[in-house]
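As stored in my_file-v5.txt (compact mmCIF, C-alpha atoms and all ligand atoms):
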```
# COMPACT_ATOMS: atom_id res chain seq x y z
CA MET A 1 -56.22 2.72 -32.56
CA LYS A 2 -59.50 4.35 -31.69
CA VAL A 3 -62.31 2.04 -30.72
CA ASP A 4 -64.74 3.53 -33.22
CA ALA A 5 -62.22 3.50 -36.07
CA TYR A 6 -63.70 0.29 -37.40
CA LYS A 7 -67.11 0.52 -39.00
CA ARG A 8 -68.81 -2.73 -39.74
CA ASP A 9 -70.14 -3.42 -43.21
CA TRP A 10 -72.47 -6.20 -42.12
CA GLU A 11 -71.71 -8.43 -45.04
CA SER A 12 -71.10 -12.16 -45.08
CA GLY A 13 -67.71 -12.94 -43.62
CA GLU A 14 -67.88 -10.22 -40.98
CA ARG A 15 -67.30 -11.44 -37.47
CA VAL A 16 -69.30 -10.64 -34.37
CA LEU A 17 -68.62 -11.16 -30.69
CA TYR A 18 -70.77 -13.40 -28.58
CA ARG A 19 -69.82 -14.61 -25.09
CA GLY A 20 -66.19 -13.64 -25.61
CA LYS A 21 -65.77 -15.41 -28.95
CA LYS A 22 -65.88 -14.17 -32.51
CA TYR A 23 -68.21 -15.80 -35.00
CA ASN A 24 -68.62 -15.42 -38.74
CA ILE A 25 -71.87 -14.16 -40.12
CA ARG A 26 -73.60 -15.27 -43.29
CA ILE A 27 -76.35 -13.30 -44.89
CA PHE A 28 -79.17 -14.86 -46.85
CA THR A 29 -82.11 -13.20 -48.55
CA HIS A 30 -85.65 -14.52 -48.32
CA LYS A 31 -89.13 -13.53 -49.47
CA GLU A 32 -90.48 -12.88 -46.00
CA LYS A 33 -90.66 -9.29 -44.74
CA THR A 34 -89.03 -10.05 -41.42
CA THR A 35 -85.36 -10.19 -40.57
CA SER A 36 -84.29 -13.14 -38.51
CA ILE A 37 -81.08 -14.24 -36.88
CA ASN A 38 -80.11 -17.79 -36.18
CA PHE A 39 -77.04 -18.82 -34.20
CA ASN A 40 -76.17 -22.45 -34.81
CA GLY A 41 -73.26 -22.66 -32.40
CA LYS A 42 -70.71 -22.16 -35.16
CA ARG A 43 -71.87 -19.04 -36.96
CA PHE A 44 -74.64 -16.51 -37.27
CA GLU A 45 -77.10 -16.77 -40.14
CA ILE A 46 -79.09 -13.67 -41.00
CA PHE A 47 -82.16 -13.82 -43.17
CA ILE A 48 -83.19 -10.56 -44.72
CA ASN A 49 -85.94 -9.59 -47.17
CA GLU A 50 -84.74 -9.73 -50.75
CA ASN A 51 -86.10 -6.25 -51.57
CA VAL A 52 -84.16 -4.37 -48.89
CA SER A 53 -81.93 -1.89 -50.70
CA THR A 54 -78.17 -1.94 -50.26
CA ASN A 55 -78.46 1.37 -48.44
CA ASP A 56 -80.93 0.06 -45.87
CA ARG A 57 -79.26 -3.28 -45.42
CA LYS A 58 -76.79 -2.13 -42.79
CA THR A 59 -79.45 -0.55 -40.59
CA VAL A 60 -81.85 -3.47 -40.94
CA ILE A 61 -79.17 -6.00 -39.98
CA GLU A 62 -77.80 -3.86 -37.18
CA ASN A 63 -81.25 -3.42 -35.65
CA ALA A 64 -81.95 -7.14 -35.89
CA PHE A 65 -78.64 -7.88 -34.18
CA ARG A 66 -79.28 -5.41 -31.40
CA LYS A 67 -82.67 -7.02 -30.76
CA TRP A 68 -81.15 -10.50 -30.81
CA TYR A 69 -78.41 -9.48 -28.36
CA MET A 70 -80.94 -7.82 -26.05
CA ARG A 71 -83.15 -10.90 -25.92
CA THR A 72 -80.24 -13.29 -25.52
CA ALA A 73 -78.70 -11.05 -22.85
CA TYR A 74 -81.98 -11.12 -20.92
CA GLU A 75 -82.21 -14.91 -21.04
CA SER A 76 -78.58 -15.58 -20.09
CA ILE A 77 -78.34 -12.92 -17.42
CA LYS A 78 -81.63 -14.00 -15.85
CA GLU A 79 -80.34 -17.56 -15.66
CA ARG A 80 -77.10 -16.46 -13.93
CA LEU A 81 -78.95 -14.01 -11.71
CA ASP A 82 -81.38 -16.64 -10.47
CA TYR A 83 -78.47 -19.03 -9.94
CA TYR A 84 -76.46 -16.62 -7.80
CA CYS A 85 -79.48 -15.28 -5.91
CA LYS A 86 -80.27 -18.83 -4.86
CA ILE A 87 -76.68 -19.54 -3.73
CA ILE A 88 -76.33 -16.23 -1.91
CA GLY A 89 -79.88 -16.28 -0.55
CA LEU A 90 -81.09 -12.90 -1.83
CA ASN A 91 -84.03 -11.84 -3.97
CA TYR A 92 -84.30 -9.15 -6.58
CA ASN A 93 -87.41 -7.35 -7.64
CA ASN A 94 -87.13 -6.76 -11.37
CA LEU A 95 -84.55 -7.37 -14.09
CA ARG A 96 -84.07 -5.11 -17.10
CA ILE A 97 -81.58 -5.16 -19.93
CA LYS A 98 -80.71 -1.69 -21.13
CA GLU A 99 -78.64 0.22 -23.57
CA GLN A 100 -76.20 2.01 -21.27
CA LYS A 101 -73.16 3.92 -22.36
CA THR A 102 -71.10 3.94 -19.20
CA ARG A 103 -72.41 1.27 -16.85
CA TRP A 104 -72.35 -2.51 -16.88
CA GLY A 105 -75.04 -2.85 -14.29
CA SER A 106 -76.91 -1.10 -11.52
CA CYS A 107 -79.05 -1.88 -8.50
CA SER A 108 -81.75 0.33 -7.01
CA LYS A 109 -83.00 0.60 -3.44
CA LYS A 110 -86.09 -1.31 -4.44
CA GLY A 111 -83.97 -4.20 -5.68
CA ASN A 112 -84.41 -3.50 -9.36
CA LEU A 113 -81.43 -4.62 -11.39
CA ASN A 114 -80.30 -3.26 -14.74
CA PHE A 115 -77.66 -4.77 -16.97
CA ASN A 116 -76.02 -3.51 -20.12
CA TRP A 117 -76.90 -5.68 -23.14
CA LYS A 118 -73.31 -5.44 -24.38
CA LEU A 119 -72.29 -7.75 -21.56
CA ILE A 120 -73.46 -10.64 -23.71
CA MET A 121 -70.40 -10.05 -25.90
CA SER A 122 -68.02 -10.67 -23.01
CA PRO A 123 -66.90 -14.11 -21.75
CA PRO A 124 -69.23 -15.97 -19.34
CA TRP A 125 -66.91 -15.51 -16.34
CA VAL A 126 -67.02 -11.73 -16.87
CA ILE A 127 -70.83 -11.79 -17.11
CA ASP A 128 -70.87 -13.76 -13.86
CA TYR A 129 -68.77 -11.14 -12.13
CA VAL A 130 -71.12 -8.31 -13.09
CA VAL A 131 -74.08 -10.42 -11.93
CA VAL A 132 -72.41 -11.14 -8.57
CA HIS A 133 -71.44 -7.46 -8.28
CA GLU A 134 -75.09 -6.40 -8.56
CA VAL A 135 -76.46 -9.24 -6.44
CA CYS A 136 -74.13 -8.20 -3.59
CA HIS A 137 -75.58 -4.69 -3.89
CA LEU A 138 -78.91 -6.20 -2.85
CA ARG A 139 -77.32 -6.48 0.60
CA TYR A 140 -74.95 -3.49 0.57
CA LEU A 141 -75.94 -0.53 -1.54
CA ASN A 142 -72.37 0.82 -1.47
CA HIS A 143 -68.80 -0.21 -2.21
CA SER A 144 -67.71 -0.64 1.39
CA LYS A 145 -65.10 -3.08 2.66
CA GLU A 146 -67.88 -5.43 3.72
CA TYR A 147 -69.35 -5.24 0.26
CA TRP A 148 -66.10 -6.18 -1.50
CA ALA A 149 -65.48 -8.99 0.99
CA MET A 150 -68.85 -10.40 -0.01
CA VAL A 151 -68.08 -10.12 -3.73
CA GLU A 152 -64.76 -11.87 -3.17
CA MET A 153 -66.42 -14.68 -1.26
CA TYR A 154 -68.57 -15.63 -4.25
CA MET A 155 -66.11 -14.60 -6.95
CA PRO A 156 -62.50 -14.94 -5.70
CA ASN A 157 -60.98 -13.80 -9.01
CA TYR A 158 -63.23 -10.79 -9.47
CA LYS A 159 -60.27 -8.45 -10.04
CA LYS A 160 -59.42 -10.35 -13.21
CA ALA A 161 -62.92 -9.70 -14.52
CA GLN A 162 -62.62 -6.01 -13.64
CA GLU A 163 -59.38 -5.82 -15.58
CA TRP A 164 -60.96 -7.57 -18.55
CA LEU A 165 -63.78 -5.01 -18.65
CA LYS A 166 -61.38 -2.11 -18.33
CA LYS A 167 -59.28 -3.40 -21.17
CA ASN A 168 -62.00 -4.68 -23.52
CA GLY A 169 -65.21 -2.99 -22.43
CA LEU A 170 -65.11 -0.10 -24.86
CA GLY A 171 -64.53 -2.48 -27.74
CA LEU A 172 -67.84 -4.22 -27.11
CA THR A 173 -69.89 -2.64 -29.79
CA LEU A 174 -72.07 -3.48 -32.75
ZN ZN A 201 -71.24 -1.39 -7.68
```

Represent the structure of the file as structure tokens.
Ligand SMILES: [Zn+2]
Amino acid sequence: MKVDAYKRDWESGERVLYRGKKYNIRIFTHKEKTTSINFNGKRFEIFINENVSTNDRKTVIENAFRKWYMRTAYESIKERLDYYCKIIGLNYNNLRIKEQKTRWGSCSKKGNLNFNWKLIMSPPWVIDYVVVHEVCHLRYLNHSKEYWAMVEMYMPNYKKAQEWLKKNGLGLTL
């Protein structure tokens, strides 16, 4: 089955991925112009303006979800990044969450780190691996033996996370 074979309808009862788990969504209409998303730990509740046409509904909800994922990805990844930087004893310059097609993360010479927002759909231990992967690049800007030894020191089961991404990465989509 092709990854893009499934097109979401964005109606109540659809399920979305968050931190490796699938949650139901429920859509409500309200009088306010804004679209808002609330995650209560059990499901997602989406509030959308009552005058949005059926045609526009999909786009409006999809955009709201993308924004929500981006913001949540920033908060969670920053928390993990600060945690691992403290343990490992390294500092980064700037953190950005991006829409990237082929990469999970990257690290520049200046210590700027980028992460793919879709990571927030994967389980926490996979997110941690990508964070550790990039933090270790703050010391080694390559994939040398020394580099991988460092990754393994802080994340002994990193190969499991790599396999998870290989197997499920393409399926992480809105
Ligand atoms: Zn790398």

Given the point (-75.4, 0.9, -17.3) in the file's coordinates, find the residues that have an atom at most 12 Å from it, counting all atoms listed in the file, and give them as a tab-separated table (two decimals) with C-alpha atoms, keeping the file's coordinate frame.
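Output below, filename point.tsv:
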```tsv
chain	number	residue	atom	x	y	z
A	96	ARG	CA	-84.07	-5.11	-17.10
A	97	ILE	CA	-81.58	-5.16	-19.93
A	98	LYS	CA	-80.71	-1.69	-21.13
A	99	GLU	CA	-78.64	0.22	-23.57
A	100	GLN	CA	-76.20	2.01	-21.27
A	101	LYS	CA	-73.16	3.92	-22.36
A	102	THR	CA	-71.10	3.94	-19.20
A	103	ARG	CA	-72.41	1.27	-16.85
A	104	TRP	CA	-72.35	-2.51	-16.88
A	105	GLY	CA	-75.04	-2.85	-14.29
A	106	SER	CA	-76.91	-1.10	-11.52
A	107	CYS	CA	-79.05	-1.88	-8.50
A	113	LEU	CA	-81.43	-4.62	-11.39
A	114	ASN	CA	-80.30	-3.26	-14.74
A	115	PHE	CA	-77.66	-4.77	-16.97
A	116	ASN	CA	-76.02	-3.51	-20.12
A	117	TRP	CA	-76.90	-5.68	-23.14
A	118	LYS	CA	-73.31	-5.44	-24.38
A	119	LEU	CA	-72.29	-7.75	-21.56
A	130	VAL	CA	-71.12	-8.31	-13.09
A	134	GLU	CA	-75.09	-6.40	-8.56
```

Lys109 in chain A environment, 8 Å, only C-alpha atoms, sequence neighbours closer than 2 positions dropped, as a PyMOL selection string:
chain A and resi 107+111-112+138+141

Output C-alpha atoms for every residue in the selection just made, as a compact mmCIF listing (two decimals), in the coordinates of the input.
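What follows is the written file result17.txt:
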```txt
# COMPACT_ATOMS: atom_id res chain seq x y z
CA CYS A 107 -79.05 -1.88 -8.50
CA GLY A 111 -83.97 -4.20 -5.68
CA ASN A 112 -84.41 -3.50 -9.36
CA LEU A 138 -78.91 -6.20 -2.85
CA LEU A 141 -75.94 -0.53 -1.54
```

Shell of 10 Å around Asn91 in chain A, all atoms listed in the file, local chain residues under 4 positions omitted, as a PyMOL selection string
chain A and resi 81-82+84-86+111-112+135+138-139

CA of Ile25 in chain A to CA of Val60 in chain A, distance in Å rounded to a single decimal:
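Going from CA of Ile25 in chain A over to CA of Val60 in chain A, I get 14.6 Å.
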
Show which residues sit within 10 Å of range 16-23 of chain A, as a list in words. Count all atoms listed in the file, and ignore same-chain residues fewer than 3 positions away.
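Contacts, in chain order: Arg8, Trp10, Gly13, Arg26, Phe39, Gly41, Lys42, Arg43, Phe44, Phe65, Tyr69, Thr72, Ala73, Lys118, Leu119, Ile120, Met121, Ser122, Pro123, Pro124, Trp125, Val126, Ile127, Leu172, Thr173 and Leu174 of chain A.
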
Selected residue of minimal separation from Thr59 in chain A among A:Glu75, A:Glu11, A:Gly89, A:Gly169, counting all atoms listed in the file
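Distance minimum relative to Thr59 in chain A lands on A:Glu11.
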
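CA of Asn93 in chain A is positioned 15.4 Å from CA of Tyr140 in chain A.
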
List the spatial neighbours of Asn51 in chain A as a short mmCIF file (atom, residue, chain, number, x, y, z; two decimals) with C-alpha atoms, in the frame of the given file - criterion: any atom at most 10 Å away, all atoms listed in the file, same-chain residues fewer than 5 positions off excluded.
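Okay, this is what ended up in result_20.cif:
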```cif
data_model
loop_
_atom_site.label_atom_id
_atom_site.label_comp_id
_atom_site.auth_asym_id
_atom_site.auth_seq_id
_atom_site.Cartn_x
_atom_site.Cartn_y
_atom_site.Cartn_z
CA THR A 29 -82.11 -13.20 -48.55
CA HIS A 30 -85.65 -14.52 -48.32
CA LYS A 31 -89.13 -13.53 -49.47
CA GLU A 32 -90.48 -12.88 -46.00
CA LYS A 33 -90.66 -9.29 -44.74
CA ASP A 56 -80.93 0.06 -45.87
CA ARG A 57 -79.26 -3.28 -45.42
#
```

Neighbouring residues of Asn157 in chain A were defined as those with any atom within 12 Å, considering all atoms listed in the file; residues of the same chain fewer than 3 positions away were excluded. Please report them as a PyMOL selection string.
chain A and resi 125-126+128-129+132+148-149+151-154+160-164

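Taking CA of Ser12 in chain A and CA of Arg71 in chain A as endpoints, the distance between them is 22.7 Å.
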
Pick from A:Leu95, A:Ile61, A:Lys78, A:Ser108: nearest to ligand ZN 201 (chain A), with all atoms listed in the file counted?
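Checking each candidate against ligand ZN 201 (chain A), we get A:Ser108 as the closest.
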
Calculated over only C-alpha atoms and all ligand atoms, which of the candidates A:Phe28, A:Tyr83, A:Tyr147, A:Trp68 has the smallest distance to ligand ZN 201 (chain A)?
A:Tyr147

Among the residues A:Leu170, A:Thr54, A:Pro156, A:His137, the one that comes closest to ligand ZN 201 (chain A) [using only C-alpha atoms and all ligand atoms]
A:His137

So, with all atoms listed in the file as the atoms that count, which of A:His133, A:Lys167, A:Lys110, A:Arg15 lies closest to ligand ZN 201 (chain A)?
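Result for the nearest residue to ligand ZN 201 (chain A): A:His133.
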
Box dimensions and centre (Å, one decimal) enclosing range 28-32 of chain A, axis-aligned, 4 Å extra per side, as JSON:
```
{"center_x": -84.8, "center_y": -13.9, "center_z": -47.7, "size_x": 19.3, "size_y": 10.0, "size_z": 11.5}
```

Nearest to ligand ZN 201 (chain A) among A:Cys136, A:Ile88, A:Met155, A:Leu165, with distances taken over all atoms listed in the file: which residue is it?
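Going through A:Cys136, A:Ile88, A:Met155, A:Leu165 one by one, the smallest distance to ligand ZN 201 (chain A) is for A:Cys136.
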
Write out N, CA and C atoms for range 91-111 of chain A, as a PDB file, in the frame of the given file.
```
ATOM      1  N   ASN A  91     -83.031 -11.951  -2.908  1.00  0.00           N
ATOM      2  CA  ASN A  91     -84.030 -11.840  -3.970  1.00  0.00           C
ATOM      3  C   ASN A  91     -84.005 -10.466  -4.607  1.00  0.00           C
ATOM      4  N   TYR A  92     -84.197 -10.443  -5.901  1.00  0.00           N
ATOM      5  CA  TYR A  92     -84.300  -9.150  -6.580  1.00  0.00           C
ATOM      6  C   TYR A  92     -85.754  -8.920  -6.954  1.00  0.00           C
ATOM      7  N   ASN A  93     -86.048  -7.681  -7.304  1.00  0.00           N
ATOM      8  CA  ASN A  93     -87.410  -7.350  -7.640  1.00  0.00           C
ATOM      9  C   ASN A  93     -87.674  -7.504  -9.141  1.00  0.00           C
ATOM     10  N   ASN A  94     -86.900  -6.759  -9.932  1.00  0.00           N
ATOM     11  CA  ASN A  94     -87.130  -6.760 -11.370  1.00  0.00           C
ATOM     12  C   ASN A  94     -85.807  -6.700 -12.131  1.00  0.00           C
ATOM     13  N   LEU A  95     -85.763  -7.369 -13.272  1.00  0.00           N
ATOM     14  CA  LEU A  95     -84.550  -7.370 -14.090  1.00  0.00           C
ATOM     15  C   LEU A  95     -84.834  -6.668 -15.412  1.00  0.00           C
ATOM     16  N   ARG A  96     -83.944  -5.757 -15.780  1.00  0.00           N
ATOM     17  CA  ARG A  96     -84.070  -5.110 -17.100  1.00  0.00           C
ATOM     18  C   ARG A  96     -82.727  -5.064 -17.803  1.00  0.00           C
ATOM     19  N   ILE A  97     -82.781  -5.260 -19.107  1.00  0.00           N
ATOM     20  CA  ILE A  97     -81.580  -5.160 -19.930  1.00  0.00           C
ATOM     21  C   ILE A  97     -81.684  -3.837 -20.669  1.00  0.00           C
ATOM     22  N   LYS A  98     -80.640  -3.043 -20.569  1.00  0.00           N
ATOM     23  CA  LYS A  98     -80.710  -1.690 -21.130  1.00  0.00           C
ATOM     24  C   LYS A  98     -79.538  -1.383 -22.023  1.00  0.00           C
ATOM     25  N   GLU A  99     -79.732  -0.328 -22.794  1.00  0.00           N
ATOM     26  CA  GLU A  99     -78.640   0.220 -23.570  1.00  0.00           C
ATOM     27  C   GLU A  99     -78.020   1.308 -22.710  1.00  0.00           C
ATOM     28  N   GLN A 100     -76.865   1.042 -22.149  1.00  0.00           N
ATOM     29  CA  GLN A 100     -76.200   2.010 -21.270  1.00  0.00           C
ATOM     30  C   GLN A 100     -74.817   2.297 -21.810  1.00  0.00           C
ATOM     31  N   LYS A 101     -74.453   3.559 -21.794  1.00  0.00           N
ATOM     32  CA  LYS A 101     -73.160   3.920 -22.360  1.00  0.00           C
ATOM     33  C   LYS A 101     -72.012   3.652 -21.396  1.00  0.00           C
ATOM     34  N   THR A 102     -72.236   3.952 -20.124  1.00  0.00           N
ATOM     35  CA  THR A 102     -71.100   3.940 -19.200  1.00  0.00           C
ATOM     36  C   THR A 102     -71.176   2.893 -18.100  1.00  0.00           C
ATOM     37  N   ARG A 103     -72.306   2.206 -17.970  1.00  0.00           N
ATOM     38  CA  ARG A 103     -72.410   1.270 -16.850  1.00  0.00           C
ATOM     39  C   ARG A 103     -72.665  -0.154 -17.340  1.00  0.00           C
ATOM     40  N   TRP A 104     -72.125  -1.090 -16.568  1.00  0.00           N
ATOM     41  CA  TRP A 104     -72.350  -2.510 -16.880  1.00  0.00           C
ATOM     42  C   TRP A 104     -73.585  -3.027 -16.174  1.00  0.00           C
ATOM     43  N   GLY A 105     -73.862  -2.418 -15.024  1.00  0.00           N
ATOM     44  CA  GLY A 105     -75.040  -2.850 -14.290  1.00  0.00           C
ATOM     45  C   GLY A 105     -75.357  -1.850 -13.207  1.00  0.00           C
ATOM     46  N   SER A 106     -76.569  -1.947 -12.654  1.00  0.00           N
ATOM     47  CA  SER A 106     -76.910  -1.100 -11.520  1.00  0.00           C
ATOM     48  C   SER A 106     -77.987  -1.771 -10.697  1.00  0.00           C
ATOM     49  N   CYS A 107     -78.080  -1.309  -9.438  1.00  0.00           N
ATOM     50  CA  CYS A 107     -79.050  -1.880  -8.500  1.00  0.00           C
ATOM     51  C   CYS A 107     -79.717  -0.739  -7.763  1.00  0.00           C
ATOM     52  N   SER A 108     -81.041  -0.752  -7.702  1.00  0.00           N
ATOM     53  CA  SER A 108     -81.750   0.330  -7.010  1.00  0.00           C
ATOM     54  C   SER A 108     -82.132  -0.110  -5.595  1.00  0.00           C
ATOM     55  N   LYS A 109     -82.566   0.880  -4.807  1.00  0.00           N
ATOM     56  CA  LYS A 109     -83.000   0.600  -3.440  1.00  0.00           C
ATOM     57  C   LYS A 109     -84.123  -0.419  -3.387  1.00  0.00           C
ATOM     58  N   LYS A 110     -84.954  -0.386  -4.412  1.00  0.00           N
ATOM     59  CA  LYS A 110     -86.090  -1.310  -4.440  1.00  0.00           C
ATOM     60  C   LYS A 110     -85.713  -2.703  -4.934  1.00  0.00           C
ATOM     61  N   GLY A 111     -84.420  -2.888  -5.228  1.00  0.00           N
ATOM     62  CA  GLY A 111     -83.970  -4.200  -5.680  1.00  0.00           C
ATOM     63  C   GLY A 111     -84.194  -4.446  -7.162  1.00  0.00           C
TER      64      GLY A 111
END
```
